[in-house]
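Q: Structure in structure tokens, see below.
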Amino acid sequence: MKIEAITLREIQMPLVHFFETSFGRTYSRRILLVTVHCEGVDGWGECVAGEDPFFSSEWTDSAWGTIKSHLAPFLLGREMRNARESAALMGKVRGHRMAKAAVENALWDAEAQQKQQPLWKLLGGTRREIACGVSIGIQDSVEQLLEKIETEVAAGYRRIKVKVKPGWDVNVLERIRSRWADIVLSCDANSAYTLEDAEHLRKFEQFRLLMIEQPLWHDDIYYHARLQKQLDTAICLDESIRHARDAAFAVETGACRIVNIKVGRVGGLTEAKKVHDVCAANHVPVWCGGMLESGVGRAHNIALSTLENFRLPGDVSASKRYWKEDIIEPEVEVSPQGLIAVSDAPGRGYRVREGWIEKLTVRKETLRNEN
């Protein structure tokens with residue numbers, strides 16, 4: 001598999017509805033798409049970095065510059081046996097995992113196409129359909145939140161996750177549970193609390209949550225281990241898990257009982273599989289987190305979610321929840337039973353709508369080997 005060129009594109013897509021976390025509110029996305037051109041095959045990847053360095057230290061503009069100036073030169077003109085080899089080549093650059101993931105995942109797509117194999121099978125997946133949950137952001141009112149939950153429950157989603165922060169937590173969870181006593185419910189704090197809030201977080205236990213996701217600092221494992229000892233509810237780690245070593249540390253110290261795997265956060269599908277394997281070996285279930293991806297990133301999330309230890313519903317929901325018109329076809333759809341069927345088409349499993357992408361593109365650059 002020879003990498004002849006890499007194309008970077010920034011597209012801009014407005015969200016159907018704003019999405020708010022403890023970091024702030026998002027109305028639209030600046031999305032960086034990566035296309036690797038490999039001997040007649042085009043593989044597509046998506047950088048999940050946000051517009052600003054709030055969720056992580058990366059953002060759209062930093063990822064563009066990192067790929068152009070540092071990652072692409074390691075890869076252009078090279079022959080590789082498989083996409084996994086790119087992870088070691090890009091490893092010379094410290095951090096910048098979301099930028100690396102965009103390139104590596106595009107190479108996984110290209111490899112699967114060249115081998116005429118669905119990406120999920122190339123990854124070693126076994127599931128023919130994946131269970132879906134939804135993540136619902138902070139709303140303008142509790143009533144607005146309840147309306148959204150009503151819609152998603154009626155649509156068949158198997159797990160409802162709501163964002164929480166100080167002042168928007170216990171009262172909100174109480175309203176949800178009083179209306180839906182039996183739904184699978186979890187909450188995501190996005191690092192909004194500290195260990196001093198342990199007594200307050202214990203109040204969440206009355207709501208029978210599946211998990212509390214990342215309640216403490218984004219880079220912490222140690223204090224989460226201390227907090228987990230004080231809670232009956234499972235802690236799920238997200239931002240703290242950057243690679244398989246973090247997962248091993250978190251599991252061994254008892255910092256969590258569930259792990260969220262985001263492909264971009266851990267640096268690509270190769271490392272995501274390693275995190276999955278560490279958790280599987282320790283009987284810790286995982287699920288796939290979302291980052292407001294377009295259909296390209298969503299397709300990679302679906303493929304990853306077919307691995308055996310993805311035992312909990314992920315945030316891989318339908319395209320229409322986020323976009324009036326997605327950049328893939330068919331768009332991702334969820335059945336009334338809360339499931340996404342996995343495609344047998346080679347590669348990512350969804351066709352890229354290149355004409356529509358061109359209309360959404362605000363900048364584009366193709367990088368080639370100058371030698």
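Chain labels run A, B, ... following the order of the structure tokens; each chain numbers its residues from 1, and ligands are numbered from 1 in the order shown.
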Which of range 168-347 of chain A end up as helix (DSSP H, G or I) when DSSP is run on this backbone - answer as a VMD selection string?
A: chain A and resid 170 to 179 195 to 207 222 to 228 244 to 253 263 to 266 269 to 281 295 to 304 319 to 321
Q: Within 9 Å of range 167-178 of chain A, counting only C-alpha atoms, which residues qualify if same-chain residues fewer than 5 places away don't, as a list of chain:residue names?
A: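 The residues satisfying every condition are A:Ile138, A:Val142, A:Leu145, A:Leu146, A:Ile149, A:Val162, A:Ile183, A:Leu185, A:Cys187, A:His200, A:Leu201, A:Lys203, A:Phe204, A:Gln206, A:Phe207, A:Arg208.
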Q: Deliver the residues from the most recent selection as a file, using all heavy atoms, as a CSV table (one decimal), in the first residue's frame.
A:
chain,number,residue,atom,x,y,z
A,138,ILE,N,-26.7,19.7,27.8
A,138,ILE,CA,-27.4,20.6,28.7
A,138,ILE,C,-28.3,21.5,27.9
A,138,ILE,O,-28.0,22.0,26.8
A,138,ILE,CB,-26.4,21.4,29.5
A,138,ILE,CG1,-25.6,20.5,30.4
A,138,ILE,CG2,-27.1,22.5,30.3
A,138,ILE,CD1,-24.3,21.2,31.0
A,142,VAL,N,-35.2,22.3,32.0
A,142,VAL,CA,-35.4,20.9,32.3
A,142,VAL,C,-36.5,20.3,31.4
A,142,VAL,O,-36.4,19.2,30.9
A,142,VAL,CB,-35.7,20.6,33.8
A,142,VAL,CG1,-36.0,19.1,34.0
A,142,VAL,CG2,-34.5,21.1,34.7
A,145,LEU,N,-35.2,19.5,28.1
A,145,LEU,CA,-34.4,18.2,28.2
A,145,LEU,C,-35.4,17.0,28.2
A,145,LEU,O,-35.2,16.0,27.5
A,145,LEU,CB,-33.6,18.2,29.5
A,145,LEU,CG,-32.8,16.9,29.8
A,145,LEU,CD1,-31.8,16.6,28.7
A,145,LEU,CD2,-32.1,17.0,31.1
A,146,LEU,N,-36.4,17.1,29.0
A,146,LEU,CA,-37.4,16.0,29.1
A,146,LEU,C,-38.0,15.7,27.7
A,146,LEU,O,-38.3,14.6,27.4
A,146,LEU,CB,-38.4,16.3,30.1
A,146,LEU,CG,-37.9,16.4,31.6
A,146,LEU,CD1,-39.1,16.8,32.5
A,146,LEU,CD2,-37.2,15.1,32.0
A,149,ILE,N,-35.5,13.8,25.7
A,149,ILE,CA,-35.5,12.4,26.1
A,149,ILE,C,-36.7,11.6,25.6
A,149,ILE,O,-36.5,10.5,25.2
A,149,ILE,CB,-35.3,12.3,27.7
A,149,ILE,CG1,-34.0,12.9,28.1
A,149,ILE,CG2,-35.5,10.9,28.2
A,149,ILE,CD1,-33.9,13.0,29.6
A,162,VAL,N,-27.1,11.9,29.9
A,162,VAL,CA,-27.3,13.4,29.9
A,162,VAL,C,-26.0,14.0,30.5
A,162,VAL,O,-25.3,13.5,31.3
A,162,VAL,CB,-28.5,13.8,30.8
A,162,VAL,CG1,-29.8,13.3,30.1
A,162,VAL,CG2,-28.4,13.2,32.2
A,183,ILE,N,-35.6,3.3,32.4
A,183,ILE,CA,-34.7,3.5,31.3
A,183,ILE,C,-33.3,3.3,31.8
A,183,ILE,O,-33.0,3.6,32.9
A,183,ILE,CB,-34.9,4.8,30.5
A,183,ILE,CG1,-34.6,6.0,31.5
A,183,ILE,CG2,-36.2,4.9,29.9
A,183,ILE,CD1,-34.5,7.3,30.8
A,185,LEU,N,-30.0,4.8,32.2
A,185,LEU,CA,-29.6,6.2,32.3
A,185,LEU,C,-28.2,6.3,32.9
A,185,LEU,O,-27.8,5.6,33.8
A,185,LEU,CB,-30.6,6.9,33.3
A,185,LEU,CG,-30.4,8.4,33.6
A,185,LEU,CD1,-30.6,9.2,32.3
A,185,LEU,CD2,-31.4,8.8,34.7
A,187,CYS,N,-24.9,9.5,33.2
A,187,CYS,CA,-24.6,11.0,33.1
A,187,CYS,C,-23.1,11.2,32.9
A,187,CYS,O,-22.3,10.3,33.2
A,187,CYS,CB,-25.0,11.7,34.4
A,187,CYS,SG,-24.0,11.4,35.9
A,200,HIS,N,-21.5,15.1,47.5
A,200,HIS,CA,-22.5,15.5,46.5
A,200,HIS,C,-22.8,14.4,45.5
A,200,HIS,O,-23.9,14.1,45.1
A,200,HIS,CB,-22.1,16.8,45.9
A,200,HIS,CG,-23.1,17.3,44.9
A,200,HIS,ND1,-24.4,17.8,45.2
A,200,HIS,CD2,-23.1,17.4,43.5
A,200,HIS,CE1,-25.0,18.2,44.1
A,200,HIS,NE2,-24.3,17.9,43.1
A,201,LEU,N,-21.7,13.9,44.9
A,201,LEU,CA,-21.8,12.8,43.9
A,201,LEU,C,-22.5,11.6,44.4
A,201,LEU,O,-23.1,10.9,43.6
A,201,LEU,CB,-20.4,12.5,43.3
A,201,LEU,CG,-19.8,13.6,42.5
A,201,LEU,CD1,-18.3,13.3,42.2
A,201,LEU,CD2,-20.5,13.9,41.2
A,203,LYS,N,-25.1,11.6,46.1
A,203,LYS,CA,-26.5,11.8,45.9
A,203,LYS,C,-27.0,11.2,44.6
A,203,LYS,O,-28.2,10.9,44.4
A,203,LYS,CB,-26.8,13.3,46.0
A,203,LYS,CG,-26.5,13.9,47.3
A,203,LYS,CD,-26.8,15.4,47.3
A,203,LYS,CE,-26.5,16.0,48.7
A,203,LYS,NZ,-26.7,17.5,48.7
A,204,PHE,N,-26.1,11.0,43.6
A,204,PHE,CA,-26.5,10.5,42.3
A,204,PHE,C,-26.9,9.0,42.4
A,204,PHE,O,-27.6,8.5,41.6
A,204,PHE,CB,-25.3,10.5,41.3
A,204,PHE,CG,-24.9,11.9,40.9
A,204,PHE,CD1,-25.3,13.1,41.6
A,204,PHE,CD2,-24.1,12.1,39.7
A,204,PHE,CE1,-24.9,14.3,41.2
A,204,PHE,CE2,-23.8,13.4,39.3
A,204,PHE,CZ,-24.1,14.5,40.0
A,206,GLN,N,-29.0,7.4,44.2
A,206,GLN,CA,-30.5,7.2,44.3
A,206,GLN,C,-31.1,7.0,42.9
A,206,GLN,O,-32.2,6.5,42.8
A,206,GLN,CB,-31.2,8.3,45.0
A,206,GLN,CG,-31.0,9.7,44.3
A,206,GLN,CD,-31.6,10.8,45.2
A,206,GLN,OE1,-32.8,10.9,45.5
A,206,GLN,NE2,-30.7,11.7,45.5
A,207,PHE,N,-30.4,7.4,41.8
A,207,PHE,CA,-31.0,7.4,40.5
A,207,PHE,C,-30.7,6.2,39.7
A,207,PHE,O,-31.0,6.1,38.5
A,207,PHE,CB,-30.6,8.7,39.7
A,207,PHE,CG,-31.0,9.9,40.5
A,207,PHE,CD1,-30.0,10.8,40.9
A,207,PHE,CD2,-32.3,10.2,40.9
A,207,PHE,CE1,-30.3,11.9,41.6
A,207,PHE,CE2,-32.6,11.4,41.6
A,207,PHE,CZ,-31.6,12.2,42.0
A,208,ARG,N,-30.0,5.2,40.3
A,208,ARG,CA,-29.6,3.9,39.7
A,208,ARG,C,-29.0,4.1,38.3
A,208,ARG,O,-29.5,3.6,37.3
A,208,ARG,CB,-30.9,3.1,39.6
A,208,ARG,CG,-31.4,2.6,40.9
A,208,ARG,CD,-32.8,1.9,40.8
A,208,ARG,NE,-33.9,2.8,40.5
A,208,ARG,CZ,-34.5,2.8,39.3
A,208,ARG,NH1,-34.1,2.0,38.4
A,208,ARG,NH2,-35.5,3.6,39.1
Q: DSSP on the backbone, then: every residue of range 137-272 of chain A marked strand (DSSP E), written as an MDAnalysis selection string.
A: chainID A and resid 160:163 185:188 212:213 235:237 258:261
Q: What does the distance from CA of Glu205 in chain A to CA of His218 in chain A come to in Å, to one decimal?
A: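 Separating CA of Glu205 in chain A from CA of His218 in chain A is a distance of 22.1 Å.
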Q: Show me, as a PyMOL selection string, the residues that have an atom within 6 Å of Val259 in chain A when counting only C-alpha atoms, minus same-chain residues fewer than 2 positions from it.
A: chain A and resi 236-237+286
Q: May I ask for the distance between CA of Pro330 in chain A and CA of Tyr350 in chain A, given in Å to one decimal place?
A: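 Between CA of Pro330 in chain A and CA of Tyr350 in chain A the gap works out to 6.4 Å.
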Q: Excluding Ile241 in chain A and residues on its chain fewer than 3 positions from it, collect all residues at most 9 Å away from it, counting only C-alpha atoms, and give them as JSON, numbers by chain.
A: {"A": [219, 221, 237, 238, 244, 245, 246, 247, 250, 259, 260, 261, 265, 266, 275]}
Q: Which residue, A:Trp64, A:Cys279, A:Val16, A:Ala83, has the smallest gap to Leu119 in chain A when you use only C-alpha atoms?
A: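 Closest to Leu119 in chain A, using only C-alpha atoms: A:Ala83.
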Q: Give me, as a compact mmCIF listing (two decimals) with C-alpha atoms, in the first residue's frame, all polymer residues having an atom no more than 12 Å from Arg348 in chain A, counting only C-alpha atoms and skipping those fewer than 2 positions away in the same chain.
A:
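Generated output (around15.txt):
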# COMPACT_ATOMS: atom_id res chain seq x y z
CA ASP A 42 -9.03 6.71 -1.56
CA GLY A 43 -9.33 6.15 2.17
CA TRP A 44 -11.22 8.65 4.29
CA GLY A 45 -10.70 9.71 7.90
CA GLU A 46 -12.05 12.45 10.14
CA ASN A 105 -8.13 5.68 10.19
CA ALA A 106 -8.09 6.83 6.56
CA LEU A 107 -5.33 4.27 5.95
CA TRP A 108 -7.39 1.53 7.62
CA ASP A 109 -10.22 2.42 5.24
CA ALA A 110 -7.86 2.28 2.24
CA GLU A 111 -6.42 -1.06 3.35
CA ALA A 112 -9.89 -2.57 3.77
CA GLN A 113 -10.88 -1.37 0.31
CA GLN A 114 -7.73 -2.78 -1.28
CA GLN A 116 -12.07 -5.96 -0.64
CA GLN A 117 -13.05 -6.46 2.98
CA PRO A 118 -15.39 -4.54 5.31
CA LEU A 119 -13.41 -2.43 7.76
CA TRP A 120 -15.13 -4.07 10.71
CA LYS A 121 -13.92 -7.50 9.61
CA LEU A 122 -10.39 -6.21 9.06
CA LEU A 123 -10.47 -4.92 12.66
CA GLY A 295 -20.74 10.30 8.66
CA VAL A 296 -17.07 9.58 7.94
CA GLY A 297 -16.08 9.46 11.60
CA ARG A 298 -19.37 7.77 12.47
CA ALA A 299 -18.58 4.95 10.01
CA HIS A 300 -15.27 4.28 11.76
CA ASN A 301 -17.04 4.26 15.14
CA ILE A 302 -19.51 1.68 13.86
CA ALA A 303 -16.70 -0.57 12.63
CA LEU A 304 -14.88 -0.32 15.97
CA ILE A 328 -22.28 9.82 3.42
CA GLU A 329 -24.90 7.65 1.81
CA PRO A 330 -26.85 5.89 2.98
CA VAL A 332 -26.55 6.16 9.42
CA VAL A 342 -23.32 -3.28 9.96
CA SER A 343 -22.57 -3.04 6.25
CA ASP A 344 -20.67 -5.70 4.30
CA ALA A 345 -19.42 -3.17 1.73
CA PRO A 346 -15.62 -2.96 1.44
CA TYR A 350 -20.74 3.99 3.39
CA ARG A 351 -20.24 5.94 0.17
CA VAL A 352 -18.74 9.41 0.53
Q: By how many Å are CA of Ala198 in chain A and CA of Glu239 in chain A apart?
A: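 The value is 19.3 Å.
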Q: Got a sec: who's within 6 Å of range 357-368 of chain A, counting only C-alpha atoms, leaving out chain neighbours fewer than 5 positions off, as a PyMOL selection string?
A: chain A and resi 5-12
